[in-house]
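Colleague: Encoded as structure tokens, here's the structure I'll be asking about.
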Amino acid sequence: MKLYSGRDVLSGCGMNPTDPVTRQRGFTLLLIALAYGGAFIVLHSLAARWGQGLIYSLWFPIAGIRFALLWRYGAKLSLLLAVTELAVHGLLGNLAKPPLPLLLFSASVIFPPMAYGLAIGLVRRISARANETFGMPPLSVAVAMAVAPMAAALSSLPWAYFDQRATQLRSVIDALAAIIMFCVGDLLGVLLIAPPLFWILRLAEGKRSGKPRSFPARRTAEAAGLVILAITIAWVAWLAGMGLRLEPMLLCAVWIGLRMGSAAAWSTVAGVAAFVLFLTPAGLSPSDRIDLHMLVACIAVAGYLAGGYADAQVDWSHEVARRDRLLFQADRLKTLRAMSVAVIHEISQPLTTLAIEARHLATMSHEEVLDREELKRAAALVERKSESLSDLVRRLRRFGSATSSTPSTIDVQGLVTDAVLVVQPEAAVANVRIETQVTPTLSVTGQHVELQQALVNLLRNAITADAGGHIHVRARADRDKIFVEVVDSGKGVPSPSSGMGIGLMIARAIVDSHSGRLELDRSHAPGALYRMTLPAEAGQ
Amino acid sequence: MSGQGVVYVVDDDADLADSLARLLRRQGHAAASFHDVDGLLRAYSADAAVCVVTDVMMADTTGFELAGRVRALDPACALLFITAWPRTADAVDAVRQYGGLDYLEKPIEEARLLRSVAEGLVWSANRRRIEKRTRTLTARERQVLGLIAMGKSNKLIAAELGLSPKTVEDHRAAINTKTGASGLADLVEIGRAFDLA
């Protein structure tokens with residue numbers, strides 16, 4: 001028997017053996033191999049309990065560990081796993097055979113892990129090209145979990161003809177049944193063992209996604225109620241003499257998967273599987289046991305696919321929200337650019353005073369006798385005007401910046417003031433007066449810069465529609481809601497606007513993402529009233 | 001330069017108005033700053049200025065409106081406009097319609113401002129002289145003077161105003177006496193001044 005050296009394994013995995021990073025990787029691989037080998041020894045004997053009298057075991061937990069390791073660390077690891085399994089068999093003394101049977105046996109040991117690697121690699125490649133929901137990890141892993149066991153089953157069956165199990169394979173039907181049994185055993189193993197392994201590995205690496213989702217109490221209660229209902233139905237069926245009916249649990253697992261994701265689905269499935277694996281009498285006939293395990297496997301696949309789909313949807317909506325943030329920032333920068341002409345004019349005002357006084361100071365500095373009062377006055381003005389220019393720059397820069405990663409408490413009065421200041425240059429050019437009427441001490445939770453942007457967009461629209469007119473900005477609270485209203489007088493002249501109406505769309509998107517509403521109230525004709533409704537910050 | 005009359009500066013940005021007034025004072029002018037139109041008009045009734053420097057876009061009124069009201073009070077006051085939002089149309093209107101001498105953009109070029117103020121002082125002094133000389137003219141005499149300044153002959157003037165040439169000659173003699181004009185060129189200069197009102 002040829003023993004592979006570590007180097008060969010590494011090269012087989014596509015890595016350069018002499019690189020120090022690779023050496024560290026190699027050490028990790030060795031660790032994995034040892035752990036896997038140990039688990040294999042333990043679980044292999046355990047699996048035998050469910051394989052008595054059958055060609056394949058009906059629960060193969062090793063498959064779960066295989067899957068988790070291959071999905072996590074790459075399909076190329078399958079060679080290492082295969083070799084490890086072979087080594088363990090060697091330790092257990094199963095390799096003491098004549099050459100031909102030995103070869104066949106070795107092949108039957110090596111092929112399933114390699115088939116897993118192949119299936120996983122394939123699913124990975126396909127999902128990498130897809131985007132949207134299918135490409136998201138939760139769903140593609142669920143699909144891989146269903147596909148890999150089938151691939152392994154097909155790769156393992158031919159070898160069964162060559163050993164003592166051949167007696168059980170007298171016809172094609174037996175062969176197909178054997179494949180099904182293999183699938184059932186592997187599916188159960190993968191679906192029950194792999195998910196918790198993933199979560200453990202992710203938590204160990206400290207990734208945030210490792211933490212489970214949190215749900216409102218109502219939803220958890222809904223799930224619990226459903227489980228109780230399903231168990232009750234099954235129990236009633238048992239009492240009515242219909243035998244052990246697991247079908248209600250199937251629907252329960254699928255529903256929970258869709259509503260709460262794969263973690264919750266796994267818990268449900270694990271409960272059912274634990275019941276079937278450990279609490280059913282050991283003397284069950286093989287065909288009954290096959291029945292039960294097949295059903296549990298179906299429940300597991302269905303529940304996990306549903307959960308995977310729900311998780312992928314959640315991930316996708318986070319991705320969309322992230323893109324929204326970038327879109328809003330792009331809109332803010334576009335607004336800044338559009339306002340730049342007005343801003344330039346606004347800057348010229350304090351700059352005029354600043355220039356005159358600075359020149360004056362320069363002239364004074366050449367004189368013999370200094371007029372103290374004049375010096376003080378000029379210097380104070382220079383400082384004041386520089387400060388107001390710096391404020392303007394800072395204000396505008398903050399407006400164009402990216403959003404922070406976490407929402408914060410926003411003072412509504414400050415928000416309105418900031419928004420009005422930002423549009424002030426443009427309002428001045430259009431000769432529009434802006435008046436504010438804000439109830440103090442109102443606050444909302446969210447992104448200051450984005451809510452400010454929504455308000456700015458509404459104000460700019462009003463300015464464009466009402467040149468020479470009057471705009472009111474009002475903010476008030478009503479129980480747990482806060483209303484921010486922008487009303488134009490309708491008496492001004494609409495300026496020809498070069499915008500594409502995107503400002504309003506963006507404002508609405510921002511308000512929506514803050515769990516609010518933006519609506520147009522036409523009852524204040526001829527002016528237009530836009531009302532933002534936002535949830536007040538909790539605890540007001 | 002002092003003793004030549006006061007310059008008023010109007011801008012609703014108080015710091016800017018004060019700064020400009022102080023700048024003018026450093027140059028030897030008598031200057032005062034105002035932050036709103038009412039303040040200026042009140043001061044103007046008490047003490048007429050030779051020149052008013054005003055911002056165009058202010059909170060309550062525009063500089064052009066202010067110019068109109070100052071002109072109504074005193075046609076001999078020079079007007080200068082400053083603005084943070086310069087527009088070509090405004091600049092043209094400022095000079096042609098509102099009688100402004102210059103239209104400056106912020107941030108202001110000090111040298112240009114001082115030049116224009118100096119010009120304004122000269123213009124204003126000139127205007128007052130002319131006003132003094134033409135104060136006693138009747139309305140009809142002013143009409144005739146205006147047409148003389150356009151280079152029209154007595155006959156044409158008579159035809160345009162529907163008078164006899166003799167009447168026109170009489171008016172002309174009266175004008176010469178009242179204004180103390182030293183010749184046709186002088187008359188033309190005086191007559192032209194009316195166009196700027």
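Naming works like this for the structure tokens: A, B, ... for the chains as they're shown, residue 1 at the start of each chain, ligands 1 onward in shown order.
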Might you pull out every residue within 7 Å of A:His293, with only C-alpha atoms counted and same-chain residues fewer than 4 positions away left off, and present them as a JSON list (two decimals) with all heavy atoms, in the first residue's frame?
Modeller:
```json
[["chain", "number", "residue", "atom", "x", "y", "z"],
["A", 58, "LEU", "N", -28.29, 3.36, 8.05],
["A", 58, "LEU", "CA", -29.32, 4.37, 7.80],
["A", 58, "LEU", "C", -29.06, 5.68, 8.53],
["A", 58, "LEU", "O", -29.89, 6.57, 8.54],
["A", 58, "LEU", "CB", -30.69, 3.81, 8.22],
["A", 58, "LEU", "CG", -31.25, 2.80, 7.22],
["A", 58, "LEU", "CD1", -32.55, 2.20, 7.75],
["A", 58, "LEU", "CD2", -31.50, 3.45, 5.87],
["A", 184, "VAL", "N", -30.27, 8.03, 2.13],
["A", 184, "VAL", "CA", -30.98, 8.34, 3.38],
["A", 184, "VAL", "C", -29.98, 8.46, 4.53],
["A", 184, "VAL", "O", -30.00, 9.43, 5.30],
["A", 184, "VAL", "CB", -32.02, 7.24, 3.69],
["A", 184, "VAL", "CG1", -32.52, 7.37, 5.10],
["A", 184, "VAL", "CG2", -33.17, 7.33, 2.71],
["A", 289, "ARG", "N", -37.77, 0.53, 9.64],
["A", 289, "ARG", "CA", -36.73, 1.51, 9.95],
["A", 289, "ARG", "C", -36.41, 2.33, 8.71],
["A", 289, "ARG", "O", -36.22, 3.55, 8.80],
["A", 289, "ARG", "CB", -35.49, 0.79, 10.48],
["A", 289, "ARG", "CG", -34.47, 1.76, 11.00],
["A", 289, "ARG", "CD", -33.59, 1.13, 12.08],
["A", 289, "ARG", "NE", -34.26, 1.01, 13.36],
["A", 289, "ARG", "CZ", -34.49, 2.04, 14.19],
["A", 289, "ARG", "NH1", -34.09, 3.25, 13.88],
["A", 289, "ARG", "NH2", -35.10, 1.83, 15.33],
["A", 297, "ALA", "N", -35.40, 11.83, 6.60],
["A", 297, "ALA", "CA", -34.51, 12.46, 5.63],
["A", 297, "ALA", "C", -35.26, 13.48, 4.79],
["A", 297, "ALA", "O", -34.78, 14.58, 4.53],
["A", 297, "ALA", "CB", -33.87, 11.40, 4.73]]
```
Colleague: Can you check which residues of stretch 3-186 of chain B DSSP gives as helix (DSSP H, G or I) on the backbone and send them as a PyMOL selection string?
Modeller: chain B and resi 14-26+37-46+63-73+88-96+110-134+139-149+154-161+165-179+184-186
Colleague: Using only C-alpha atoms and a distance of at most 6 Å, pull out the residues of chain B that contact chain A, as a count of residues only.
Modeller: 6
Colleague: So which residues touch B:Gly183 within 12 Å, counting only C-alpha atoms, skipping near sequence neighbours fewer than 5 positions away, as a list of chain:residue names?
Modeller: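 Near B:Gly183, the qualifying residues are B:Ile148, B:Ala149, B:Arg172, B:Ala173, B:Ile175, B:Asn176, B:Thr177, B:Val188, B:Glu189, B:Ile190.
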Colleague: Got a sec to tell me which of chain B DSSP assigns to strand (DSSP E or B), as a list of chain:residue names?
Modeller: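 Those residues are B:Val6, B:Val7, B:Tyr8, B:Val9, B:Val10, B:Ala30, B:Ala31, B:Ala32, B:Ser33, B:Phe34, B:Cys51, B:Val52, B:Val53, B:Thr54, B:Asp55, B:Met57, B:Thr62, B:Ala78, B:Leu79, B:Leu80, B:Phe81, B:Ile82, B:Thr83, B:Gly100, B:Leu101, B:Asp102, B:Tyr103, B:Leu104, B:Glu105.
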Colleague: If you count only C-alpha atoms, which residues fall within 12 Å of stretch 18-24 of chain B, apart from same-chain ones fewer than 3 positions away, as an mmCIF file with N, CA and C atoms, in the first residue's frame?
Modeller:
```
data_model
loop_
_atom_site.group_PDB
_atom_site.id
_atom_site.type_symbol
_atom_site.label_atom_id
_atom_site.label_comp_id
_atom_site.auth_asym_id
_atom_site.auth_seq_id
_atom_site.Cartn_x
_atom_site.Cartn_y
_atom_site.Cartn_z
ATOM 1 N N PRO A 350 -18.758 86.010 3.503
ATOM 2 C CA PRO A 350 -17.789 86.183 4.589
ATOM 3 C C PRO A 350 -16.377 86.422 4.073
ATOM 4 N N LEU A 351 -16.111 85.930 2.873
ATOM 5 C CA LEU A 351 -14.776 86.096 2.315
ATOM 6 C C LEU A 351 -14.461 87.563 2.040
ATOM 7 N N THR A 352 -15.490 88.335 1.680
ATOM 8 C CA THR A 352 -15.277 89.753 1.404
ATOM 9 C C THR A 352 -14.747 90.460 2.645
ATOM 10 N N THR A 353 -15.459 90.258 3.762
ATOM 11 C CA THR A 353 -15.021 90.878 5.012
ATOM 12 C C THR A 353 -13.633 90.378 5.402
ATOM 13 N N LEU A 354 -13.459 89.056 5.264
ATOM 14 C CA LEU A 354 -12.189 88.449 5.627
ATOM 15 C C LEU A 354 -11.045 89.080 4.834
ATOM 16 N N ALA A 355 -11.260 89.276 3.536
ATOM 17 C CA ALA A 355 -10.203 89.830 2.683
ATOM 18 C C ALA A 355 -9.869 91.262 3.090
ATOM 19 N N ILE A 356 -10.906 92.063 3.319
ATOM 20 C CA ILE A 356 -10.669 93.467 3.685
ATOM 21 C C ILE A 356 -9.890 93.558 4.998
ATOM 22 N N GLU A 357 -10.327 92.802 5.983
ATOM 23 C CA GLU A 357 -9.682 92.900 7.298
ATOM 24 C C GLU A 357 -8.279 92.320 7.284
ATOM 25 N N ALA A 358 -8.101 91.249 6.527
ATOM 26 C CA ALA A 358 -6.767 90.644 6.471
ATOM 27 C C ALA A 358 -5.780 91.610 5.825
ATOM 28 N N ARG A 359 -6.223 92.258 4.768
ATOM 29 C CA ARG A 359 -5.399 93.258 4.098
ATOM 30 C C ARG A 359 -5.041 94.387 5.067
ATOM 31 N N HIS A 360 -6.066 94.798 5.807
ATOM 32 C CA HIS A 360 -5.898 95.865 6.789
ATOM 33 C C HIS A 360 -4.840 95.470 7.813
ATOM 34 N N LEU A 361 -4.921 94.229 8.298
ATOM 35 C CA LEU A 361 -3.939 93.740 9.268
ATOM 36 C C LEU A 361 -2.544 93.752 8.659
ATOM 37 N N THR A 363 -1.428 95.662 6.281
ATOM 38 C CA THR A 363 -0.965 97.055 6.193
ATOM 39 C C THR A 363 -0.527 97.555 7.569
ATOM 40 N N GLU A 374 -8.162 99.044 16.594
ATOM 41 C CA GLU A 374 -8.321 98.589 15.218
ATOM 42 C C GLU A 374 -7.788 97.177 15.054
ATOM 43 N N ARG A 377 -10.186 94.770 16.540
ATOM 44 C CA ARG A 377 -11.390 94.643 15.712
ATOM 45 C C ARG A 377 -11.130 93.797 14.469
ATOM 46 N N ALA A 378 -10.033 94.152 13.792
ATOM 47 C CA ALA A 378 -9.726 93.438 12.553
ATOM 48 C C ALA A 378 -9.483 91.961 12.831
ATOM 49 N N ALA A 379 -8.697 91.683 13.870
ATOM 50 C CA ALA A 379 -8.391 90.284 14.182
ATOM 51 C C ALA A 379 -9.661 89.511 14.532
ATOM 52 N N ALA A 380 -10.547 90.145 15.312
ATOM 53 C CA ALA A 380 -11.783 89.460 15.698
ATOM 54 C C ALA A 380 -12.621 89.119 14.475
ATOM 55 N N LEU A 381 -12.655 90.067 13.540
ATOM 56 C CA LEU A 381 -13.446 89.811 12.331
ATOM 57 C C LEU A 381 -12.839 88.678 11.510
ATOM 58 N N VAL A 382 -11.490 88.701 11.406
ATOM 59 C CA VAL A 382 -10.839 87.624 10.655
ATOM 60 C C VAL A 382 -11.202 86.278 11.270
ATOM 61 N N LYS A 385 -15.025 85.400 10.663
ATOM 62 C CA LYS A 385 -15.367 85.030 9.292
ATOM 63 C C LYS A 385 -14.728 83.714 8.895
ATOM 64 N N MET B 1 -9.394 114.832 0.794
ATOM 65 C CA MET B 1 -10.633 114.162 0.391
ATOM 66 C C MET B 1 -11.730 114.399 1.418
ATOM 67 N N SER B 2 -11.350 114.653 2.666
ATOM 68 C CA SER B 2 -12.392 114.816 3.681
ATOM 69 C C SER B 2 -13.084 116.162 3.469
ATOM 70 N N VAL B 6 -20.381 112.621 2.903
ATOM 71 C CA VAL B 6 -20.319 111.324 3.572
ATOM 72 C C VAL B 6 -20.728 110.208 2.599
ATOM 73 N N VAL B 7 -20.116 109.015 2.803
ATOM 74 C CA VAL B 7 -20.471 107.833 2.027
ATOM 75 C C VAL B 7 -21.243 106.892 2.932
ATOM 76 N N TYR B 8 -22.383 106.429 2.467
ATOM 77 C CA TYR B 8 -23.147 105.459 3.245
ATOM 78 C C TYR B 8 -22.967 104.063 2.654
ATOM 79 N N VAL B 9 -22.779 103.089 3.550
ATOM 80 C CA VAL B 9 -22.670 101.694 3.105
ATOM 81 C C VAL B 9 -23.861 100.906 3.652
ATOM 82 N N VAL B 10 -24.555 100.200 2.774
ATOM 83 C CA VAL B 10 -25.727 99.428 3.205
ATOM 84 C C VAL B 10 -25.546 97.953 2.844
ATOM 85 N N ASP B 11 -25.609 97.062 3.870
ATOM 86 C CA ASP B 11 -25.581 95.612 3.614
ATOM 87 C C ASP B 11 -26.212 94.944 4.826
ATOM 88 N N ASP B 12 -27.048 93.939 4.597
ATOM 89 C CA ASP B 12 -27.686 93.333 5.771
ATOM 90 C C ASP B 12 -26.725 92.433 6.542
ATOM 91 N N ASP B 13 -25.529 92.200 5.980
ATOM 92 C CA ASP B 13 -24.474 91.530 6.742
ATOM 93 C C ASP B 13 -23.746 92.628 7.515
ATOM 94 N N ALA B 14 -24.026 92.772 8.804
ATOM 95 C CA ALA B 14 -23.523 93.895 9.595
ATOM 96 C C ALA B 14 -22.006 93.978 9.566
ATOM 97 N N ASP B 15 -21.363 92.799 9.708
ATOM 98 C CA ASP B 15 -19.897 92.798 9.724
ATOM 99 C C ASP B 15 -19.333 93.374 8.435
ATOM 100 N N GLN B 27 -9.396 105.503 4.126
ATOM 101 C CA GLN B 27 -8.977 106.209 2.928
ATOM 102 C C GLN B 27 -9.278 107.696 3.012
ATOM 103 N N GLY B 28 -9.822 108.130 4.140
ATOM 104 C CA GLY B 28 -10.059 109.555 4.315
ATOM 105 C C GLY B 28 -11.485 109.997 4.052
ATOM 106 N N HIS B 29 -12.371 109.047 3.691
ATOM 107 C CA HIS B 29 -13.769 109.455 3.489
ATOM 108 C C HIS B 29 -14.487 109.453 4.820
ATOM 109 N N ALA B 30 -15.542 110.241 4.891
ATOM 110 C CA ALA B 30 -16.456 110.130 6.024
ATOM 111 C C ALA B 30 -17.450 109.049 5.634
ATOM 112 N N ALA B 31 -17.552 108.005 6.463
ATOM 113 C CA ALA B 31 -18.423 106.893 6.073
ATOM 114 C C ALA B 31 -19.230 106.389 7.250
ATOM 115 N N ALA B 32 -20.431 105.902 6.941
ATOM 116 C CA ALA B 32 -21.273 105.293 7.977
ATOM 117 C C ALA B 32 -21.901 104.033 7.393
ATOM 118 N N SER B 33 -22.155 103.033 8.281
ATOM 119 C CA SER B 33 -22.719 101.773 7.769
ATOM 120 C C SER B 33 -24.133 101.574 8.273
ATOM 121 N N PHE B 34 -24.951 100.941 7.439
ATOM 122 C CA PHE B 34 -26.335 100.650 7.793
ATOM 123 C C PHE B 34 -26.644 99.202 7.447
ATOM 124 N N HIS B 35 -27.527 98.602 8.268
ATOM 125 C CA HIS B 35 -27.836 97.197 8.045
ATOM 126 C C HIS B 35 -29.201 96.992 7.433
ATOM 127 N N CYS B 51 -22.470 109.626 -1.788
ATOM 128 C CA CYS B 51 -22.367 108.319 -2.429
ATOM 129 C C CYS B 51 -22.983 107.253 -1.534
ATOM 130 N N VAL B 52 -23.703 106.316 -2.139
ATOM 131 C CA VAL B 52 -24.262 105.190 -1.373
ATOM 132 C C VAL B 52 -23.782 103.886 -2.012
ATOM 133 N N VAL B 53 -23.132 103.068 -1.171
ATOM 134 C CA VAL B 53 -22.705 101.740 -1.636
ATOM 135 C C VAL B 53 -23.684 100.725 -1.059
ATOM 136 N N THR B 54 -24.399 100.005 -1.916
ATOM 137 C CA THR B 54 -25.418 99.113 -1.386
ATOM 138 C C THR B 54 -25.325 97.698 -1.952
ATOM 139 N N ASP B 55 -25.626 96.755 -1.076
ATOM 140 C CA ASP B 55 -25.719 95.357 -1.493
ATOM 141 C C ASP B 55 -27.002 95.202 -2.309
ATOM 142 N N ILE B 82 -23.011 96.425 -4.869
ATOM 143 C CA ILE B 82 -22.147 95.260 -4.653
ATOM 144 C C ILE B 82 -23.039 94.036 -4.491
ATOM 145 N N LYS B 106 -18.717 90.313 -5.092
ATOM 146 C CA LYS B 106 -17.999 89.919 -3.874
ATOM 147 C C LYS B 106 -17.209 88.654 -4.167
ATOM 148 N N PRO B 107 -16.047 88.431 -3.575
ATOM 149 C CA PRO B 107 -15.296 89.340 -2.712
ATOM 150 C C PRO B 107 -14.809 90.559 -3.491
ATOM 151 N N ILE B 108 -14.883 91.687 -2.839
ATOM 152 C CA ILE B 108 -14.715 92.958 -3.539
ATOM 153 C C ILE B 108 -13.249 93.264 -3.783
ATOM 154 N N GLU B 109 -12.977 93.743 -4.972
ATOM 155 C CA GLU B 109 -11.639 94.255 -5.260
ATOM 156 C C GLU B 109 -11.545 95.620 -4.620
ATOM 157 N N GLU B 110 -10.721 95.725 -3.594
ATOM 158 C CA GLU B 110 -10.632 97.006 -2.878
ATOM 159 C C GLU B 110 -10.299 98.164 -3.797
ATOM 160 N N ALA B 111 -9.301 97.963 -4.636
ATOM 161 C CA ALA B 111 -8.838 99.055 -5.494
ATOM 162 C C ALA B 111 -9.971 99.584 -6.367
ATOM 163 N N LEU B 113 -13.203 99.330 -5.853
ATOM 164 C CA LEU B 113 -14.212 100.002 -5.034
ATOM 165 C C LEU B 113 -13.794 101.442 -4.746
ATOM 166 N N LEU B 114 -12.535 101.598 -4.330
ATOM 167 C CA LEU B 114 -12.074 102.944 -3.971
ATOM 168 C C LEU B 114 -12.068 103.864 -5.178
ATOM 169 N N ARG B 115 -11.685 103.307 -6.316
ATOM 170 C CA ARG B 115 -11.699 104.101 -7.557
ATOM 171 C C ARG B 115 -13.107 104.568 -7.854
ATOM 172 N N SER B 116 -14.063 103.634 -7.748
ATOM 173 C CA SER B 116 -15.445 103.976 -8.077
ATOM 174 C C SER B 116 -16.014 104.988 -7.101
ATOM 175 N N VAL B 117 -15.631 104.850 -5.824
ATOM 176 C CA VAL B 117 -16.125 105.826 -4.841
ATOM 177 C C VAL B 117 -15.579 107.211 -5.189
ATOM 178 N N ALA B 118 -14.297 107.257 -5.526
ATOM 179 C CA ALA B 118 -13.699 108.549 -5.897
ATOM 180 C C ALA B 118 -14.427 109.149 -7.102
#
```
Colleague: Pick out the residues sitting within 9 Å of stretch 452-469 of chain A, and hand them over as a PyMOL selection string; count only C-alpha atoms, and ignore anything fewer than 5 positions along from it in its own chain.
Modeller: chain A and resi 328+331-332+335+399+415-416+418-420+422-423+426-427+429-434+447+484+486-497+501+503-504+506-511+527-528+530+532
Colleague: With only C-alpha atoms as the atoms that count, which of A:Ala177, A:Ala160, A:Leu529, A:Met249 lies nearest to A:Pro101?
Modeller: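 The shortest atom-to-atom distance to A:Pro101 comes from A:Ala160.
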Colleague: Find the residues around stretch 157-171 of chain B up to 8 Å (only C-alpha atoms counted), leave out those fewer than 5 positions away in its own chain, and share them as a CSV table (one decimal) with all heavy atoms, in the first residue's frame.
Modeller:
```
chain,number,residue,atom,x,y,z
B,141,GLU,N,-38.5,125.5,-19.7
B,141,GLU,CA,-37.1,125.8,-19.9
B,141,GLU,C,-36.3,124.5,-19.9
B,141,GLU,O,-35.4,124.3,-20.6
B,141,GLU,CB,-36.6,126.8,-18.9
B,141,GLU,CG,-37.1,128.2,-19.3
B,141,GLU,CD,-37.0,129.2,-18.1
B,141,GLU,OE1,-36.7,128.7,-17.0
B,141,GLU,OE2,-37.3,130.4,-18.3
B,144,VAL,N,-36.6,122.7,-23.1
B,144,VAL,CA,-35.9,123.3,-24.2
B,144,VAL,C,-34.4,123.0,-24.0
B,144,VAL,O,-33.7,122.6,-25.0
B,144,VAL,CB,-36.1,124.9,-24.2
B,144,VAL,CG1,-35.1,125.5,-25.1
B,144,VAL,CG2,-37.5,125.2,-24.5
B,147,LEU,N,-33.5,119.6,-25.3
B,147,LEU,CA,-33.4,119.5,-26.7
B,147,LEU,C,-32.2,120.3,-27.3
B,147,LEU,O,-31.6,119.8,-28.3
B,147,LEU,CB,-34.7,120.1,-27.3
B,147,LEU,CG,-36.0,119.2,-27.0
B,147,LEU,CD1,-37.2,119.9,-27.5
B,147,LEU,CD2,-35.8,117.9,-27.7
B,148,ILE,N,-31.8,121.3,-26.6
B,148,ILE,CA,-30.6,122.0,-27.1
B,148,ILE,C,-29.4,121.1,-26.9
B,148,ILE,O,-28.5,121.0,-27.8
B,148,ILE,CB,-30.3,123.3,-26.2
B,148,ILE,CG1,-31.4,124.3,-26.5
B,148,ILE,CG2,-28.9,123.8,-26.5
B,148,ILE,CD1,-31.3,125.5,-25.6
B,152,LYS,N,-30.3,120.1,-31.3
B,152,LYS,CA,-31.3,120.6,-32.2
B,152,LYS,C,-31.3,122.1,-32.4
B,152,LYS,O,-31.0,122.8,-31.5
B,152,LYS,CB,-32.7,120.1,-31.7
B,152,LYS,CG,-32.7,118.6,-31.6
B,152,LYS,CD,-34.1,118.0,-31.5
B,152,LYS,CE,-34.0,116.5,-31.7
B,152,LYS,NZ,-34.9,115.7,-31.0
```
Colleague: Mind pulling up the distance from atom CA of B:Ala59 to atom CA of B:Thr83?
Modeller: 13.0 Å
